[in-house]
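Step one of this worksheet: look at the structure below.
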Amino acid sequence: MDHTSTLERVIRGALITCVLVFFLFPIFWIVLMSFQTNETILRIPPSIVFEPTLSNYSALITGKLETTAGNLDIAFMRNLWNSFFLSAASVLIALALGIPAAYAFARFRFRLGEDIAFTLLSFRFAPPLLVLLPLSLYFKQLGLTNTYIGLIWVYQLICLPLILWIVRGYFEDISPDIEHAYRISGNSWLKTFWKIAVPLAKPGIAAAGLLAFIFAWNNFVFALILASADKQPVTVGALAFVTASGIQYGQIAAAIVLSIAPTLALALYAQRYLVEGLSLGAVKG
Amino acid sequence: MSSELVLQKVDKIYGAGTVHAVKDLSFTVKPGEITALLGSSGCGKTSTLRMIAGFETVTNGSIALDGRAIHELAPAQRGVAMAFETYSLYPPLTLAENISFALKAQKLGSADVDKRVKAMAEMLEIGDVLHKYPSSVSGGQQQRASLGRALVRKAGLYLLDEPMGQLEPQLRAVLRGRIKHYLREHHCTTILVTHDQTEANALADRIAVMEGGVLQQYATPAELKARPANLFVGTFIGEPPMNVFPVRVKDNGQTIDFVLEGSDGQVLSYAAQDFPDAVRRRLKNDDGLVLGVRPHAVHIGKKGLMARVVTCQWLGDQTHIAAEIAGRTVVSVSHEQIKAAPGSSLFLRIAPQDLHIYAADSGAAIAHGAELA
């Protein structure tokens, strides 16, 4: 680094600052907003000097929203739990289905194999609204509207292709001979899958699972159409703060802070896996 | 511990009949025998090995180990150990764990396992890196660990796929000796896949030469050199390769003359009695033949075939002369120091007992020296 000139360092510093401000300022502003009342948020010009209040958070946690038009019950904590439950269950099911499928696509050539894999991937290309309209009709008929099972099922459109394609790449990177060596020393095919293939693909599985969790968590439109209040995740639940008496900016901000906290914590904790997992080639046979 | 392996009429066809990798392959490896599958890349040797191991299905035919048909069993049930060309060590385990892993199924005491792993590591000279992970040792060390993992197990048959490809020549020579001794001592039936003739010659009791998915010859190293079954084996085995001359034969009762094709009448002429009647009966007048001669059997003399010197090199212990006759290059190897200027002419002499005679159309051997093939 010795040979970099001062000018270069200054320019680099400035650019990095720009990027950081661009990405982090909204988060910083939301955090500030979450500690303010609607009055201080809406004053002109805005200021970062204010008397902090925890009222937004207490309203969310107790579920009682006080507005000028009267008191409202909000189900934010329930929404948060819904988000967690829907995302976690969807990812677990997608992992259970996707890892064996990814292994099959990576290791075996079978009739229509590539077509099936591509069809699964194409779920990611389709705009959600394309599937939502027919789905909402079917769901009504099947009694799946506003059920966890129905939502988790639809969330597979988000999670399954992601897990399948990331983990497949991982399995393809593992030399089949490593598995052959294990099998020839007296182990069954299934045991080889569990003891050799899955552990070696772990970074990829972790990264794919994490990404799928975040994508599921951030989903808005499926739950908006297919679920009503008691099954809705936070992304949809935040709409409740757009009330008859105005938009509750402070509570929305607090809700956003609370809803990004779990995924942010998860992403920070698993950063290493994410980078390793998505840059592939971490396993060399 | 040692078993007999019998392959009968084995075929391997990949895809929808597009690639016929192994054709009608039959051979037997006797208990305790070391067989090398030798051939260039794509000759079907690795496909054969993988069919025996159970990683490829057998399209047609059967494979039996000690009389038990194994070609439809899972790899785990075949009682076979294998060392892979790609090493294929388990990345999260140290070399020692990788080697001892193979012993787990045998339910040995940990002291016994340690002893065996140590002995194996010593033989393969990886004792000092046993505690390291595969990613932090060299390719050669990984390869030896992979070999150790295969050999340390008790199995009816050992399959070694290019087991020493990554090793330095000196170490390779030492290990060859040790591994051969180990396989002999433990009476291990072994199949070795290699493209290295020296390795095949040094390790194997018998060599199966393959080309285009077809077994060309299955014989001892000495026999392959002295009596190659066809032109392919003749030119494939031996370094430098055998010289070949397309010729027409003329038998006038007193002499047998081989007229070099494409030359202005250059002739290798021998007395008729140099060849027994059985051979002469096979060499019909005007037949198209191919003569094969090993470079060390091409002598520089005062008369014989006239050739123009292309290069002449003294390698410290032998002279290699490349010369041209009728547009073909002929190589002569001599243990004496010979000086010949490029462009000059010299005479090449070939004794009748050094001639390998092949049919020009099929390439099948007709005679080796003065004996019928």
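Just so we're on the same page: first chain in the structure tokens is A, next is B, and so on; residues restart at 1 for each chain, and ligands are numbered from 1 in the order they show up.
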
Discussion item. Using DSSP secondary structure from the backbone, list all strand (DSSP E or B) positions within range 165-252 of chain A, as a list of chain:residue names.
Written reply: A:Val242, A:Thr243, A:Gly246, A:Ile247

Since we have the selection now, will you write its residues out, keeping C-alpha atoms, as a PDB file, in the first residue's frame?
```pdb
ATOM      1  CA  VAL A 242     -51.456   3.915   7.542  1.00  0.00           C
ATOM      2  CA  THR A 243     -54.530   4.854   9.563  1.00  0.00           C
ATOM      3  CA  GLY A 246     -52.775   9.766   9.060  1.00  0.00           C
ATOM      4  CA  ILE A 247     -49.592   7.806   8.672  1.00  0.00           C
TER       5      ILE A 247
END
```

Item to complete: Skip Leu258 in chain A itself and residues of its chain fewer than 5 positions away, then list as number ranges by chain all residues within 9 Å of it, counting only C-alpha atoms.
Response: A: 57, 80, 253

Please write the residues from the selection above to a file, keeping C-alpha atoms, as a PDB file, in the first residue's frame.
```pdb
ATOM      1  CA  TYR A  57     -41.729   0.777  20.645  1.00  0.00           C
ATOM      2  CA  LEU A  80     -43.221 -10.509  13.751  1.00  0.00           C
ATOM      3  CA  ALA A 253     -39.956   3.342  11.686  1.00  0.00           C
TER       4      ALA A 253
END
```

Contact table chain A vs chain B, cut-off 10 Å, shortest pair per residue, only C-alpha atoms, as a Markdown table:
```
| residue | atom | partner | partner_atom | distance |
| --- | --- | --- | --- | --- |
| A:Ile174 | CA | B:Ser88 | CA | 9.4 |
| A:Ser175 | CA | B:Ser88 | CA | 7.0 |
| A:Pro176 | CA | B:Ser88 | CA | 8.3 |
| A:Asp177 | CA | B:Ser88 | CA | 5.5 |
| A:Ile178 | CA | B:Ser88 | CA | 4.4 |
| A:Glu179 | CA | B:Ser88 | CA | 8.1 |
| A:His180 | CA | B:Phe55 | CA | 7.3 |
| A:Ala181 | CA | B:Ser88 | CA | 6.8 |
| A:Tyr182 | CA | B:Ala102 | CA | 8.2 |
| A:Arg183 | CA | B:Ala76 | CA | 5.5 |
| A:Ile184 | CA | B:Ala76 | CA | 4.8 |
| A:Ser185 | CA | B:Ala102 | CA | 6.0 |
| A:Gly186 | CA | B:Ala76 | CA | 3.9 |
| A:Asn187 | CA | B:Ala76 | CA | 5.5 |
| A:Ser188 | CA | B:Ala76 | CA | 6.4 |
| A:Trp189 | CA | B:Ala74 | CA | 8.5 |
| A:Ile196 | CA | B:Tyr90 | CA | 7.9 |
| A:Pro199 | CA | B:Pro92 | CA | 9.1 |
| A:Leu200 | CA | B:Pro91 | CA | 8.1 |
| A:Val283 | CA | B:Pro91 | CA | 7.9 |
| A:Lys284 | CA | B:Pro91 | CA | 7.9 |
| A:Gly285 | CA | B:Ser88 | CA | 5.9 |
```

Item to complete: Write out as a PyMOL selection string all residues of range 91-126 of chain A that DSSP puts in alpha helix (DSSP H) for this structure's backbone.
Response: chain A and resi 91-107+113-125

Practice prompt. Please provide the set of residues having any atom within 12 Å of range 163-179 of chain B, restricted to only C-alpha atoms, with same-chain residues fewer than 6 positions apart removed, written as a count of residues only.
Written response: 48

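CA of Leu5 in chain B sits 20.6 Å away from CA of Cys43 in chain B.
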